[in-house]
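A.B. asks: Let me begin by handing over the structure; questions about it come next.
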Amino acid sequence: MAREALLPPPVSPEARDAFHDALPAWFDGNRREMPWRTADGQRDPYRVWLAETMLQQTQVATATPYFERFVVRYRTVEALAAAPLDDVLVLWEGLGYYSRARNLHRAAQAVVAEHGGRIPETAAAFGALPGVGPYTTAAVLSLAFGAPLAVLDGNVVRVLARAFAVPADSKAPRTRAMLQDLSTALLDAGRPGRWNEAIMELGATVCTPKNPACAVCPLNGVCQALALGMPEAFPVVPPRKAVPRAVVSVGLVMDDAGRVLMQRRPEDVMLGGLWEFPGGKVEPGETPAEACARELHEELGITVAVGREVAVVGHTYSHLRVRLHAFRCRITAGEPKTVTGEPMRWLGPDELDSVAVPRASRKVVEAAREEARAPRLF
C-alpha cells in the first residue's frame, strides 16, 4: 500500500520574508564569479545548459576548467551536435559520470534536428531531451528564460531540511517530493533564476555539509535546525553502505609495431562509450595473470602469453573500489575480435590520447605508452 504524501511544513511570515528578501539580497552581495554567469543577468541558454549538466554531482572548482575548454571547442549547440562522440568524451575525460556527456551530445543533436537549433523554452519540450530531468529543466529554464520553476538539488535539500528541521529521510522519494513542493512554495516567481541561484549558492558556500557558517547565513534568524543547536543533524540521511571491492586484470596486447589494442565499452553500461584495455574481474581462486589470459580469450577469442605486470592502480568510484592489474601480453593464437561487436583499435604511443578512457585507466595508458616507445623484453 502506497504511503501518504508528506505535507510541506508551515512557512511563517518571517521565514517567507527571509527566503524572499534576505536570501536574494545576500546573493547579490556574495555571488561568486563564474564563466557561465554575466553581470547583467542575461544568459545564453546553451552555456547555462552545459554548466548545469557539468555541475551535477561535481563541484564548481572542478567543473569550471572543463566548461571553459568546452565552450572554446564547441561554442554553439550546433557545433556540439556535429562533433564525433569520441571527441566529446575526450574533452570530458576526468569529469566523470560520462552518461552526462553522451546524453548532452544526443540532446544537442535532437535540438538541431527537431527544434532548428533553438533550445526549447517549455518544460515539456526541454524535459523530453535525452538526459534532461526535473532539476536540469528547472535550472536551465528559470535561468535562461525566466520560467517559474524551483530547483531541488543536494544544496537546496540541505538548506530546506535545516531551515525547517525536516525529520524525515531526505533521500526517500516522498521526502524529496515534499521538499520540491516546499521549494516551489518559496520560489520568487518574479525572478526565479536569481532565487534558484541564491539558494544553491547558499548551500554550496555557507550551509555546507560540515561546519556551516551559520553566523553569516541570511536565514539564521528563521533556521529551526540552528535554533535546536544541531544544524549538522539535518538533513537526515540513512547510514552509508560499505563500498564493495573488486580486483580487475587487463592486458596490454601489443603488436610488433609497438601498438596496443583497445576496445570501446558499449554505451549502455557504466563508463559507456569510453575506451579500455581488454580484461575483467579476477574470479575467486585466480591470480590476476590467470584472469588476464582467461578474459582476453573470452572477450577477444585470442590466446595470449601473459608477461610482466606493468601497472597496479587503485581507484574508488561512488559505488565500487577497484584494484586494477595490467600485464603486457603477446598473442600466440587467434585474431582479436570483440564478442559484443564494439569497435577496437590498435593505437600507437602518440595516438593514445585520441580516445577517452576511464580515470582508473589513465595510469595504465601511460604505462602502455612507455612500453610502446621503449619496448623491453617480454
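Labels for the C-alpha cells follow display order: chains A, B, ..., residues from 1 in each chain, ligands from 1.
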Check stretch 84-117 of chain A with DSSP on the backbone and list each residue it calls alpha helix (DSSP H), as a PDB file with C-alpha atoms, in the first residue's frame.

C.D. replies:
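Result file out.pdb:
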```pdb
ATOM      1  CA  LEU A  85      31.108  11.424 -29.735  1.00  0.00           C
ATOM      2  CA  ASP A  86      34.678  10.212 -29.173  1.00  0.00           C
ATOM      3  CA  ASP A  87      35.930  13.806 -29.368  1.00  0.00           C
ATOM      4  CA  VAL A  88      33.301  14.946 -26.872  1.00  0.00           C
ATOM      5  CA  LEU A  89      34.256  12.175 -24.443  1.00  0.00           C
ATOM      6  CA  VAL A  90      37.963  13.004 -24.731  1.00  0.00           C
ATOM      7  CA  LEU A  91      37.196  16.608 -23.740  1.00  0.00           C
ATOM      8  CA  TRP A  92      35.028  15.333 -20.875  1.00  0.00           C
ATOM      9  CA  SER A  99      26.406   9.399 -19.300  1.00  0.00           C
ATOM     10  CA  ARG A 100      26.031  13.161 -18.881  1.00  0.00           C
ATOM     11  CA  ALA A 101      28.307  13.755 -21.860  1.00  0.00           C
ATOM     12  CA  ARG A 102      26.659  11.090 -24.009  1.00  0.00           C
ATOM     13  CA  ASN A 103      23.180  12.402 -23.246  1.00  0.00           C
ATOM     14  CA  LEU A 104      24.231  16.015 -23.777  1.00  0.00           C
ATOM     15  CA  HIS A 105      25.597  15.085 -27.191  1.00  0.00           C
ATOM     16  CA  ARG A 106      22.423  13.220 -28.136  1.00  0.00           C
ATOM     17  CA  ALA A 107      20.271  16.054 -26.822  1.00  0.00           C
ATOM     18  CA  ALA A 108      22.218  18.625 -28.841  1.00  0.00           C
ATOM     19  CA  GLN A 109      21.577  16.572 -31.961  1.00  0.00           C
ATOM     20  CA  ALA A 110      17.868  16.466 -31.088  1.00  0.00           C
ATOM     21  CA  VAL A 111      17.793  20.244 -30.606  1.00  0.00           C
ATOM     22  CA  VAL A 112      19.290  20.741 -34.062  1.00  0.00           C
ATOM     23  CA  ALA A 113      17.163  18.098 -35.780  1.00  0.00           C
ATOM     24  CA  GLU A 114      13.841  18.765 -34.047  1.00  0.00           C
ATOM     25  CA  HIS A 115      13.992  22.382 -32.864  1.00  0.00           C
TER      26      HIS A 115
END
```

A.B. asks: Within 8 Å of A:Leu149, counting only C-alpha atoms, which residues qualify if same-chain residues fewer than 5 places away don't, as an MDAnalysis selection string?

C.D. replies: chainID A and resid 138:139 141:142 184 187 189 192

A.B. asks: Grab the residues selected above and save them as a short mmCIF file (atom, residue, chain, number, x, y, z; two decimals), in the first residue's frame with N, CA and C atoms.

C.D. replies:
```cif
data_model
loop_
_atom_site.label_atom_id
_atom_site.label_comp_id
_atom_site.auth_asym_id
_atom_site.auth_seq_id
_atom_site.Cartn_x
_atom_site.Cartn_y
_atom_site.Cartn_z
N ALA A 138 14.33 22.71 -14.51
CA ALA A 138 14.06 23.88 -13.69
C ALA A 138 15.22 24.87 -13.72
N ALA A 139 16.44 24.35 -13.63
CA ALA A 139 17.60 25.24 -13.59
C ALA A 139 17.77 25.99 -14.90
N LEU A 141 15.65 26.43 -17.55
CA LEU A 141 14.55 27.28 -18.00
C LEU A 141 14.35 28.49 -17.09
N SER A 142 14.62 28.36 -15.80
CA SER A 142 14.49 29.53 -14.92
C SER A 142 15.61 30.52 -15.16
N THR A 184 9.09 25.00 -4.32
CA THR A 184 8.16 25.69 -5.23
C THR A 184 7.36 26.76 -4.49
N LEU A 187 9.60 29.82 -3.88
CA LEU A 187 10.20 30.43 -5.06
C LEU A 187 9.72 31.87 -5.27
N ALA A 189 8.67 33.94 -7.81
CA ALA A 189 8.22 33.76 -9.19
C ALA A 189 8.55 34.95 -10.07
N PRO A 192 12.78 34.01 -10.77
CA PRO A 192 13.05 32.62 -10.36
C PRO A 192 14.50 32.21 -10.53
#
```

A.B. asks: Tell me, as an MDAnalysis selection string, which residues lie within 12 Å of A:Ala293, counting only C-alpha atoms; anything in the same chain fewer than 6 positions away does not count.

C.D. replies: chainID A and resid 249:253 278:282 286:287 299:307 326:333

A.B. asks: When you look at stretch 20-22 of chain A with a cut-off of 10 Å (counting only C-alpha atoms), what residues show up, excluding the ones that are within fewer than 2 positions of it in the same chain? I need them as an MDAnalysis selection string.

C.D. replies: chainID A and resid 14:18 24:27 186:189 195 217:219

A.B. asks: Between A:Arg308, A:Met200, A:Pro358, A:Arg321, which has the minimum distance to A:Glu276 (counting only C-alpha atoms)?

C.D. replies: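 Of the candidates, the smallest distance to A:Glu276 is held by A:Pro358.
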
A.B. asks: Tell me, which residues of stretch 116-322 of chain A carry DSSP strand (DSSP E or B), written as a PyMOL selection string?

C.D. replies: chain A and resi 169+236+245-254+260-264+275-276+279-281+303-316+321-322

A.B. asks: Smallest atom-to-atom distance to A:Arg43: which of A:Gly193, A:Pro244, A:Gly29, A:Gly127, using only C-alpha atoms?

C.D. replies: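 Among the listed residues, A:Gly193 lies closest to A:Arg43.
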
A.B. asks: Got a sec: who's within 8 Å of stretch 258-269 of chain A, counting only C-alpha atoms, leaving out chain neighbours fewer than 6 positions off, as a PyMOL selection string?

C.D. replies: chain A and resi 252+275-278+338+342-349+368+371-373+375

A.B. asks: So, with only C-alpha atoms as the atoms that count, which of A:Pro239, A:Pro45, A:Gly272, A:Pro10 lies closest to A:Arg118?

C.D. replies: A:Pro45

A.B. asks: Counting only C-alpha atoms, figure out which residue out of A:Val236, A:Leu226, A:Leu296, A:Ala124 gets nearest to A:Val157.

C.D. replies: A:Val236

A.B. asks: By how many Å are atom CA of A:Val365 and atom CA of A:Val310 apart?

C.D. replies: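 Between atom CA of A:Val365 and atom CA of A:Val310 the gap works out to 10.6 Å.
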
A.B. asks: When you count only C-alpha atoms, which of these residues is closest to A:Thr137: A:Leu6, A:Ala163, A:Ala311, A:Val48?

C.D. replies: A:Val48

A.B. asks: Do a neighbour search on A:Val60 at 12 Å with only C-alpha atoms, toss out local chain neighbours closer than 5 positions, and write the hits as a short mmCIF file (atom, residue, chain, number, x, y, z; two decimals) with N, CA, C and O atoms, in the first residue's frame.

C.D. replies:
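Writing the result to result-v6.cif gives the following:
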```
data_model
loop_
_atom_site.label_atom_id
_atom_site.label_comp_id
_atom_site.auth_asym_id
_atom_site.auth_seq_id
_atom_site.Cartn_x
_atom_site.Cartn_y
_atom_site.Cartn_z
N ARG A 32 29.50 34.27 -6.41
CA ARG A 32 30.82 34.01 -6.96
C ARG A 32 30.86 34.30 -8.46
O ARG A 32 29.85 34.16 -9.15
N GLU A 33 32.03 34.70 -8.92
CA GLU A 33 32.20 34.90 -10.36
C GLU A 33 32.39 33.54 -11.02
O GLU A 33 33.23 32.75 -10.59
N MET A 34 31.59 33.27 -12.03
CA MET A 34 31.68 32.01 -12.76
C MET A 34 31.56 32.30 -14.24
O MET A 34 30.87 33.25 -14.64
N PRO A 35 32.22 31.51 -15.09
CA PRO A 35 32.23 31.83 -16.52
C PRO A 35 30.88 31.73 -17.19
O PRO A 35 30.70 32.25 -18.30
N TRP A 36 29.91 31.09 -16.56
CA TRP A 36 28.58 30.98 -17.16
C TRP A 36 27.63 32.04 -16.62
O TRP A 36 26.47 32.10 -16.99
N ALA A 51 26.64 24.22 -18.37
CA ALA A 51 27.13 24.38 -16.99
C ALA A 51 26.33 23.52 -16.03
O ALA A 51 26.90 22.83 -15.17
N GLU A 52 25.02 23.55 -16.14
CA GLU A 52 24.19 22.78 -15.21
C GLU A 52 24.42 21.27 -15.39
O GLU A 52 24.36 20.51 -14.42
N THR A 53 24.68 20.84 -16.60
CA THR A 53 24.98 19.42 -16.83
C THR A 53 26.30 19.04 -16.17
O THR A 53 26.40 18.00 -15.50
N MET A 54 27.31 19.88 -16.33
CA MET A 54 28.61 19.59 -15.73
C MET A 54 28.57 19.64 -14.21
O MET A 54 29.29 18.90 -13.53
N LEU A 55 27.72 20.51 -13.66
CA LEU A 55 27.71 20.71 -12.21
C LEU A 55 26.93 19.64 -11.45
O LEU A 55 26.98 19.61 -10.22
N PRO A 65 37.18 24.55 -15.28
CA PRO A 65 38.11 24.43 -16.42
C PRO A 65 37.55 23.58 -17.56
O PRO A 65 37.85 23.83 -18.73
N TYR A 66 36.74 22.57 -17.23
CA TYR A 66 36.12 21.78 -18.29
C TYR A 66 35.14 22.64 -19.09
O TYR A 66 35.11 22.57 -20.33
N PHE A 67 34.35 23.45 -18.39
CA PHE A 67 33.41 24.32 -19.08
C PHE A 67 34.16 25.28 -20.01
O PHE A 67 33.76 25.47 -21.17
N GLU A 68 35.22 25.87 -19.52
CA GLU A 68 35.96 26.85 -20.33
C GLU A 68 36.55 26.20 -21.57
O GLU A 68 36.53 26.79 -22.66
N LEU A 95 36.06 14.23 -15.82
CA LEU A 95 34.93 14.87 -15.15
C LEU A 95 33.97 13.84 -14.57
O LEU A 95 33.20 14.13 -13.67
N MET A 200 20.97 27.77 -4.07
CA MET A 200 22.03 26.81 -4.36
C MET A 200 23.38 27.34 -3.92
O MET A 200 24.21 26.61 -3.37
N GLU A 201 23.62 28.65 -4.11
CA GLU A 201 24.88 29.26 -3.69
C GLU A 201 25.02 29.22 -2.17
O GLU A 201 26.10 28.98 -1.64
N ALA A 204 26.06 25.80 -1.17
CA ALA A 204 27.42 25.46 -1.60
C ALA A 204 28.49 26.17 -0.79
O ALA A 204 29.59 25.65 -0.60
N THR A 205 28.19 27.39 -0.28
CA THR A 205 29.24 28.20 0.33
C THR A 205 29.04 28.50 1.81
O THR A 205 30.01 28.77 2.52
#
```

A.B. asks: Taking only C-alpha atoms into account, which of A:Cys292, A:Ala198, A:Cys207, A:Val312 comes nearest A:Phe19?

C.D. replies: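 Once distances to A:Phe19 are computed over only C-alpha atoms, the minimum belongs to A:Ala198.
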